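Trainee: What follows is structure_3.txt, made up of compact mmCIF, C-alpha atoms and all ligand atoms:
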```txt
# COMPACT_ATOMS: atom_id res chain seq x y z
CA MET A 1 239.51 -37.83 89.55
CA THR A 2 242.50 -36.39 87.78
CA LYS A 3 244.84 -38.80 86.09
CA PRO A 4 248.33 -39.25 87.56
CA PRO A 5 251.22 -37.70 85.68
CA LEU A 6 252.94 -39.77 83.03
CA LEU A 7 256.39 -41.32 82.95
CA LEU A 8 257.60 -41.90 79.40
CA ILE A 9 260.36 -44.46 79.22
CA ASP A 10 263.11 -44.95 76.67
CA VAL A 11 264.82 -48.38 76.55
CA ASP A 12 268.36 -47.82 75.25
CA GLY A 13 270.10 -45.57 77.74
CA PRO A 14 267.80 -45.59 80.78
CA LEU A 15 267.04 -49.33 81.00
CA ASN A 16 269.88 -50.62 78.83
CA PRO A 17 273.10 -48.76 79.75
CA TYR A 18 274.56 -49.66 76.37
CA ALA A 19 277.56 -47.33 76.71
CA ALA A 20 278.85 -48.77 80.01
CA ARG A 21 282.59 -49.50 79.86
CA PRO A 22 284.46 -51.72 80.20
CA LEU A 23 282.03 -54.19 81.68
CA ARG A 24 278.36 -54.82 82.21
CA PRO A 25 277.27 -52.80 85.25
CA ARG A 26 276.60 -54.67 88.47
CA GLY A 27 273.10 -56.10 88.88
CA TYR A 28 272.39 -56.20 85.13
CA THR A 29 271.83 -59.33 83.03
CA THR A 30 272.75 -59.82 79.36
CA HIS A 31 270.18 -60.56 76.65
CA ARG A 32 270.20 -60.83 72.89
CA PHE A 33 267.18 -59.68 70.95
CA HIS A 34 266.16 -59.03 67.36
CA PRO A 35 263.94 -55.97 67.58
CA ALA A 36 262.38 -55.21 64.19
CA ASN A 37 263.68 -51.66 63.88
CA TRP A 38 267.22 -52.72 64.72
CA SER A 39 267.18 -55.81 62.48
CA ALA A 40 266.00 -53.73 59.54
CA ARG A 41 269.15 -51.60 59.82
CA GLN A 42 271.61 -54.56 59.81
CA ARG A 43 273.23 -56.14 56.77
CA PRO A 44 271.27 -59.25 55.73
CA GLY A 45 273.18 -62.42 56.61
CA SER A 46 275.70 -60.53 58.76
CA ARG A 47 277.14 -62.04 61.91
CA ARG A 48 275.83 -59.06 63.85
CA LEU A 49 272.30 -59.71 62.69
CA ARG A 50 272.59 -63.44 63.49
CA ARG A 51 273.83 -62.73 67.00
CA GLY A 52 271.22 -60.10 67.70
CA LEU A 53 271.40 -56.88 69.64
CA ARG A 54 273.06 -57.19 73.02
CA VAL A 55 270.98 -55.60 75.75
CA TRP A 56 271.79 -55.21 79.44
CA LEU A 57 268.76 -55.07 81.71
CA HIS A 58 268.22 -54.80 85.43
CA PRO A 59 265.63 -57.25 86.80
CA GLY A 60 264.79 -54.82 89.62
CA HIS A 61 263.82 -51.90 87.38
CA GLY A 62 260.25 -52.99 86.74
CA ALA A 63 259.29 -53.01 90.41
CA ARG A 64 260.98 -49.66 91.00
CA LEU A 65 259.22 -48.03 88.06
CA THR A 66 255.87 -49.51 89.05
CA ALA A 67 256.28 -48.14 92.58
CA LEU A 68 256.48 -44.55 91.27
CA PRO A 69 253.31 -42.43 91.55
CA LEU A 70 253.32 -42.07 87.77
CA GLU A 71 251.51 -43.73 84.89
CA LEU A 72 254.06 -45.55 82.73
CA ALA A 73 254.25 -45.55 78.94
CA TRP A 74 256.93 -46.49 76.39
CA ALA A 75 258.73 -43.83 74.37
CA THR A 76 261.26 -45.98 72.51
CA THR A 77 262.17 -47.20 69.03
CA TRP A 78 261.37 -50.67 70.40
CA MET A 79 257.73 -49.59 70.36
CA HIS A 80 255.47 -52.62 71.03
CA GLU A 81 258.48 -54.92 71.34
CA ALA A 82 259.27 -53.13 74.61
CA ASN A 83 256.15 -54.77 76.05
CA GLU A 84 256.98 -58.13 74.44
CA LEU A 85 260.72 -58.38 75.06
CA ILE A 86 261.88 -55.86 77.67
CA ALA A 87 258.96 -55.85 80.13
CA PRO A 88 259.12 -59.58 81.08
CA VAL A 89 262.86 -59.37 81.81
CA ILE A 90 262.60 -56.38 84.14
CA GLY A 91 259.34 -57.43 85.75
CA LEU A 92 256.99 -54.86 84.24
CA ARG A 93 253.43 -55.39 83.04
CA ARG A 94 253.31 -56.21 79.35
CA ASP A 95 250.49 -53.90 78.34
CA LEU A 96 251.88 -50.41 78.80
CA PRO A 97 250.78 -47.79 76.28
CA VAL A 98 253.27 -47.24 73.45
CA ILE A 99 254.08 -44.05 71.58
CA GLU A 100 254.07 -44.96 67.89
CA TRP A 101 256.49 -42.79 65.95
CA PRO A 102 255.45 -41.84 62.42
CA GLU A 103 259.14 -41.95 61.40
CA LEU A 104 262.29 -42.93 63.31
CA PHE A 105 265.29 -40.59 63.58
CA ALA A 106 263.56 -37.88 61.54
CA ARG A 107 265.51 -34.64 61.23
CA ASP A 108 263.89 -31.80 63.12
CA PRO A 109 263.88 -28.36 61.45
CA ASP A 110 264.85 -26.66 64.73
CA GLY A 111 267.40 -29.24 65.79
CA LEU A 112 265.20 -30.82 68.43
CA TYR A 113 265.59 -34.48 69.29
CA TRP A 114 263.42 -36.38 66.80
CA LYS A 115 261.12 -37.74 69.54
CA THR A 116 260.40 -34.47 71.30
CA ARG A 117 257.48 -33.02 69.33
CA HIS A 118 255.71 -36.40 69.27
CA VAL A 119 256.19 -36.82 73.01
CA LEU A 120 254.60 -33.43 73.71
CA GLU A 121 251.73 -34.18 71.37
CA TRP A 122 251.15 -37.63 72.85
CA ALA A 123 251.22 -36.37 76.45
CA ASP A 124 248.42 -34.04 75.35
CA GLY A 125 248.51 -31.50 78.16
CA ARG A 126 249.08 -33.95 81.01
CA PRO A 127 252.07 -33.42 83.27
CA PHE A 128 254.78 -35.83 82.20
CA ALA A 129 258.28 -36.94 83.09
CA TRP A 130 260.46 -38.45 80.39
CA VAL A 131 263.67 -40.46 80.79
CA ASP A 132 265.90 -40.69 77.70
CA ASP A 133 269.63 -40.51 76.97
CA MET A 134 269.30 -38.19 73.95
CA ILE A 135 267.46 -35.21 75.44
CA THR A 136 269.32 -31.92 75.03
CA ASP A 137 268.96 -28.38 76.42
CA LEU A 138 267.11 -27.45 73.22
CA ASP A 139 264.41 -29.98 74.10
CA LEU A 140 264.19 -28.71 77.67
CA ARG A 141 263.72 -25.16 76.40
CA HIS A 142 261.18 -26.24 73.82
CA ALA A 143 259.07 -28.07 76.39
CA ALA A 144 259.29 -25.16 78.84
CA GLN A 145 258.09 -22.73 76.17
CA HIS A 146 255.52 -24.79 74.30
CA TYR A 147 254.02 -27.27 76.72
CA ASP A 148 251.15 -26.06 78.87
CA ALA A 149 251.56 -28.51 81.74
CA ARG A 150 254.54 -29.39 83.91
CA SER A 151 257.24 -31.55 82.40
CA LEU A 152 260.47 -33.12 83.57
CA LEU A 153 262.84 -34.08 80.78
CA LEU A 154 265.50 -36.16 82.41
CA ARG A 155 268.62 -36.97 80.41
CA ILE A 156 269.97 -40.33 81.52
CA ASP A 157 273.64 -41.19 81.11
CA PRO A 158 273.78 -44.26 78.80
CA ARG A 159 276.94 -45.39 80.60
CA LYS A 160 274.98 -45.65 83.84
CA GLY A 161 271.30 -46.25 83.11
CA LEU A 162 268.60 -45.29 85.60
CA ARG A 163 270.15 -44.68 89.01
CA GLN A 164 268.94 -44.00 92.52
CA ARG A 165 269.26 -40.26 91.96
CA ASP A 166 266.98 -40.48 88.92
CA PHE A 167 264.31 -42.33 90.89
CA ASP A 168 264.69 -39.72 93.65
CA ARG A 169 264.18 -36.90 91.16
CA LEU A 170 261.09 -38.54 89.70
CA VAL A 171 259.56 -39.03 93.14
CA GLY A 172 260.41 -35.45 94.16
CA TRP A 173 258.98 -34.03 90.94
CA ALA A 174 255.72 -35.98 91.32
CA ARG A 175 255.41 -34.85 94.92
CA ASP A 176 255.85 -31.18 94.00
CA LEU A 177 253.12 -31.22 91.36
MG MG A 201 267.89 -44.03 74.03
```
Before anything else, please render the file you have as structure tokens.
Ligand SMILES: [Mg+2]

Mentor:
Amino acid sequence: MTKPPLLLIDVDGPLNPYAARPLRPRGYTTHRFHPANWSARQRPGSRRLRRGLRVWLHPGHGARLTALPLELAWATTWMHEANELIAPVIGLRRDLPVIEWPELFARDPDGLYWKTRHVLEWADGRPFAWVDDMITDLDLRHAAQHYDARSLLLRIDPRKGLRQRDFDRLVGWARDL
């Protein structure tokens, strides 16, 4: 049996609409976490570090993601902490596969988003969809030219997070495969 296509999920942007203004979007709850990669970038002893990173999450997102005909995996700087900290809040299983980045925020020689080449390599020829707020047209073009299977790179507005229209697009894409 062939494996279902993948859905690679970023945390900040799609699940945490960190750029929403002026208020937390409806349906979201507020959390404070100390993810390792964020904490390492804060000034030791700072108020910001003590308070932790504010994250808005939607408790309904886990069920909606799980209902998609796609195999879920994490593609986020939270790495394994997405399973530990994010998954329980949104109602997602805590053992999803995690893409482990060799280096965070690495500069790409061709101006691609730093995750893109690793995502393509990790997906390893399987059709994949990817939700992330930092995808650009360059990444879309790169995937279209260099990836041998179907891909859907979906840029999510970090002011809005995952919306109905994004779920609709994912379902439609999976159906058309
Ligand atoms: Mg992001």

Trainee: Write out, as a Markdown table, each residue of chain A that has an atom at most 8 Å from ligand MG 201 (chain A), together with the closest pair of atoms and their distance in Å to one decimal, counting all atoms listed in the file, rows going by chain and rising number.

Mentor:
```
| residue | atom | partner | partner_atom | distance |
| --- | --- | --- | --- | --- |
| A:Asp10 | CA | A:MG201 | MG | 5.5 |
| A:Val11 | CA | A:MG201 | MG | 5.9 |
| A:Asp12 | CA | A:MG201 | MG | 4.0 |
| A:Gly13 | CA | A:MG201 | MG | 4.6 |
| A:Pro14 | CA | A:MG201 | MG | 6.9 |
| A:Thr76 | CA | A:MG201 | MG | 7.1 |
| A:Asp132 | CA | A:MG201 | MG | 5.3 |
| A:Asp133 | CA | A:MG201 | MG | 4.9 |
| A:Met134 | CA | A:MG201 | MG | 6.0 |
| A:Pro158 | CA | A:MG201 | MG | 7.6 |
```

Trainee: For A:Arg175, which of A:Leu70, A:Ala63, A:Leu154, A:Met79 is the closest residue, counting only C-alpha atoms?

Mentor: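 Closest residue, counting only C-alpha atoms: A:Leu70.
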
Trainee: Interatomic distance between atom CA of A:Val55 and atom CA of A:Arg107?

Mentor: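 Rounded to one decimal, the two atoms are 26.1 Å apart.
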
Trainee: Figure out the distance between atom CA of A:Ala75 and atom CA of A:Arg159, please, to one decimal in Å.

Mentor: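 Calculated distance between atom CA of A:Arg159 and atom CA of A:Ala75 is 19.3 Å.
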
Trainee: Please determine, counting all atoms listed in the file, which residue among A:His34, A:Arg169, A:His118, A:Arg93 has the shortest atom-to-atom distance to A:Phe105.

Mentor: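 Ranked by minimum distance to A:Phe105, first place goes to A:His118.
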
Trainee: Measuring between only C-alpha atoms, which one of A:Arg126, A:Leu104, A:Trp173, A:Lys160 shows the shortest distance to A:Pro25?

Mentor: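 Once distances to A:Pro25 are computed over only C-alpha atoms, the minimum belongs to A:Lys160.
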
Trainee: For stretch 37-46 of chain A, please output as a list of chain:residue names all residues within 10 Å (counting all atoms listed in the file; exclusion window: fewer than 2 positions along the same chain).

Mentor: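 Listed by chain and then number, they are A:Phe33, A:His34, A:Pro35, A:Arg48, A:Leu49, A:Arg50, A:Arg51, A:Gly52, A:Leu53, A:Thr77, A:Trp78, A:Met79, A:Glu81, A:Leu104.
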
Trainee: Export stretch 26-49 of chain A, N, CA, C and O atoms, as a PDB file, in the first residue's frame; it's the structure right above.

Mentor:
```
ATOM      1  N   ARG A  26     -10.043  35.167  18.093  1.00  0.00           N
ATOM      2  CA  ARG A  26     -11.112  34.430  18.750  1.00  0.00           C
ATOM      3  C   ARG A  26     -10.860  32.920  18.692  1.00  0.00           C
ATOM      4  O   ARG A  26     -10.416  32.405  17.674  1.00  0.00           O
ATOM      5  N   GLY A  27     -11.151  32.240  19.785  1.00  0.00           N
ATOM      6  CA  GLY A  27     -11.011  30.786  19.836  1.00  0.00           C
ATOM      7  C   GLY A  27      -9.638  30.319  20.298  1.00  0.00           C
ATOM      8  O   GLY A  27      -9.458  29.139  20.561  1.00  0.00           O
ATOM      9  N   TYR A  28      -8.674  31.244  20.371  1.00  0.00           N
ATOM     10  CA  TYR A  28      -7.317  30.870  20.780  1.00  0.00           C
ATOM     11  C   TYR A  28      -7.136  31.054  22.285  1.00  0.00           C
ATOM     12  O   TYR A  28      -7.801  31.887  22.902  1.00  0.00           O
ATOM     13  N   THR A  29      -6.217  30.280  22.866  1.00  0.00           N
ATOM     14  CA  THR A  29      -5.881  30.423  24.277  1.00  0.00           C
ATOM     15  C   THR A  29      -4.412  30.839  24.398  1.00  0.00           C
ATOM     16  O   THR A  29      -3.615  30.587  23.494  1.00  0.00           O
ATOM     17  N   THR A  30      -4.065  31.482  25.505  1.00  0.00           N
ATOM     18  CA  THR A  30      -2.711  32.024  25.680  1.00  0.00           C
ATOM     19  C   THR A  30      -1.875  31.101  26.557  1.00  0.00           C
ATOM     20  O   THR A  30      -2.352  30.625  27.595  1.00  0.00           O
ATOM     21  N   HIS A  31      -0.643  30.899  26.148  1.00  0.00           N
ATOM     22  CA  HIS A  31       0.279  30.015  26.882  1.00  0.00           C
ATOM     23  C   HIS A  31       1.639  30.678  26.951  1.00  0.00           C
ATOM     24  O   HIS A  31       1.978  31.490  26.098  1.00  0.00           O
ATOM     25  N   ARG A  32       2.396  30.299  27.967  1.00  0.00           N
ATOM     26  CA  ARG A  32       3.789  30.786  28.038  1.00  0.00           C
ATOM     27  C   ARG A  32       4.699  29.581  28.163  1.00  0.00           C
ATOM     28  O   ARG A  32       4.520  28.735  29.038  1.00  0.00           O
ATOM     29  N   PHE A  33       5.663  29.521  27.256  1.00  0.00           N
ATOM     30  CA  PHE A  33       6.573  28.385  27.209  1.00  0.00           C
ATOM     31  C   PHE A  33       8.023  28.868  27.178  1.00  0.00           C
ATOM     32  O   PHE A  33       8.286  30.015  26.837  1.00  0.00           O
ATOM     33  N   HIS A  34       8.918  27.946  27.484  1.00  0.00           N
ATOM     34  CA  HIS A  34      10.352  28.214  27.373  1.00  0.00           C
ATOM     35  C   HIS A  34      11.001  27.220  26.421  1.00  0.00           C
ATOM     36  O   HIS A  34      11.795  26.380  26.856  1.00  0.00           O
ATOM     37  N   PRO A  35      10.667  27.292  25.140  1.00  0.00           N
ATOM     38  CA  PRO A  35      11.320  26.350  24.218  1.00  0.00           C
ATOM     39  C   PRO A  35      12.831  26.605  24.176  1.00  0.00           C
ATOM     40  O   PRO A  35      13.275  27.758  24.256  1.00  0.00           O
ATOM     41  N   ALA A  36      13.591  25.536  24.072  1.00  0.00           N
ATOM     42  CA  ALA A  36      15.053  25.625  24.193  1.00  0.00           C
ATOM     43  C   ALA A  36      15.656  26.593  23.178  1.00  0.00           C
ATOM     44  O   ALA A  36      16.502  27.424  23.526  1.00  0.00           O
ATOM     45  N   ASN A  37      15.206  26.500  21.932  1.00  0.00           N
ATOM     46  CA  ASN A  37      15.826  27.339  20.898  1.00  0.00           C
ATOM     47  C   ASN A  37      15.477  28.810  21.048  1.00  0.00           C
ATOM     48  O   ASN A  37      16.216  29.676  20.615  1.00  0.00           O
ATOM     49  N   TRP A  38      14.361  29.098  21.647  1.00  0.00           N
ATOM     50  CA  TRP A  38      13.990  30.489  21.938  1.00  0.00           C
ATOM     51  C   TRP A  38      14.767  30.974  23.165  1.00  0.00           C
ATOM     52  O   TRP A  38      15.362  32.049  23.148  1.00  0.00           O
ATOM     53  N   SER A  39      14.779  30.174  24.212  1.00  0.00           N
ATOM     54  CA  SER A  39      15.447  30.571  25.459  1.00  0.00           C
ATOM     55  C   SER A  39      16.923  30.873  25.219  1.00  0.00           C
ATOM     56  O   SER A  39      17.479  31.807  25.798  1.00  0.00           O
ATOM     57  N   ALA A  40      17.528  30.084  24.342  1.00  0.00           N
ATOM     58  CA  ALA A  40      18.961  30.266  24.075  1.00  0.00           C
ATOM     59  C   ALA A  40      19.249  31.618  23.425  1.00  0.00           C
ATOM     60  O   ALA A  40      20.375  32.109  23.480  1.00  0.00           O
ATOM     61  N   ARG A  41      18.233  32.224  22.806  1.00  0.00           N
ATOM     62  CA  ARG A  41      18.442  33.510  22.129  1.00  0.00           C
ATOM     63  C   ARG A  41      18.072  34.706  23.007  1.00  0.00           C
ATOM     64  O   ARG A  41      18.183  35.851  22.561  1.00  0.00           O
ATOM     65  N   GLN A  42      17.630  34.468  24.252  1.00  0.00           N
ATOM     66  CA  GLN A  42      17.251  35.572  25.139  1.00  0.00           C
ATOM     67  C   GLN A  42      18.414  35.928  26.073  1.00  0.00           C
ATOM     68  O   GLN A  42      19.280  35.112  26.341  1.00  0.00           O
ATOM     69  N   ARG A  43      18.370  37.168  26.563  1.00  0.00           N
ATOM     70  CA  ARG A  43      19.412  37.613  27.484  1.00  0.00           C
ATOM     71  C   ARG A  43      19.220  36.895  28.834  1.00  0.00           C
ATOM     72  O   ARG A  43      18.114  36.897  29.372  1.00  0.00           O
ATOM     73  N   PRO A  44      20.300  36.290  29.351  1.00  0.00           N
ATOM     74  CA  PRO A  44      20.170  35.581  30.634  1.00  0.00           C
ATOM     75  C   PRO A  44      19.669  36.537  31.715  1.00  0.00           C
ATOM     76  O   PRO A  44      20.118  37.674  31.803  1.00  0.00           O
ATOM     77  N   GLY A  45      18.731  36.093  32.520  1.00  0.00           N
ATOM     78  CA  GLY A  45      18.210  36.907  33.617  1.00  0.00           C
ATOM     79  C   GLY A  45      17.212  37.969  33.184  1.00  0.00           C
ATOM     80  O   GLY A  45      16.700  38.710  34.016  1.00  0.00           O
ATOM     81  N   SER A  46      16.917  38.065  31.889  1.00  0.00           N
ATOM     82  CA  SER A  46      16.003  39.117  31.415  1.00  0.00           C
ATOM     83  C   SER A  46      14.560  38.803  31.810  1.00  0.00           C
ATOM     84  O   SER A  46      14.197  37.652  32.045  1.00  0.00           O
ATOM     85  N   ARG A  47      13.765  39.858  31.873  1.00  0.00           N
ATOM     86  CA  ARG A  47      12.356  39.695  32.214  1.00  0.00           C
ATOM     87  C   ARG A  47      11.663  38.840  31.163  1.00  0.00           C
ATOM     88  O   ARG A  47      10.823  38.005  31.461  1.00  0.00           O
ATOM     89  N   ARG A  48      12.047  39.087  29.913  1.00  0.00           N
ATOM     90  CA  ARG A  48      11.469  38.347  28.793  1.00  0.00           C
ATOM     91  C   ARG A  48      11.700  36.840  28.938  1.00  0.00           C
ATOM     92  O   ARG A  48      10.782  36.043  28.745  1.00  0.00           O
ATOM     93  N   LEU A  49      12.912  36.502  29.319  1.00  0.00           N
ATOM     94  CA  LEU A  49      13.236  35.079  29.493  1.00  0.00           C
ATOM     95  C   LEU A  49      12.443  34.498  30.671  1.00  0.00           C
ATOM     96  O   LEU A  49      11.918  33.391  30.604  1.00  0.00           O
TER      97      LEU A  49
END
```
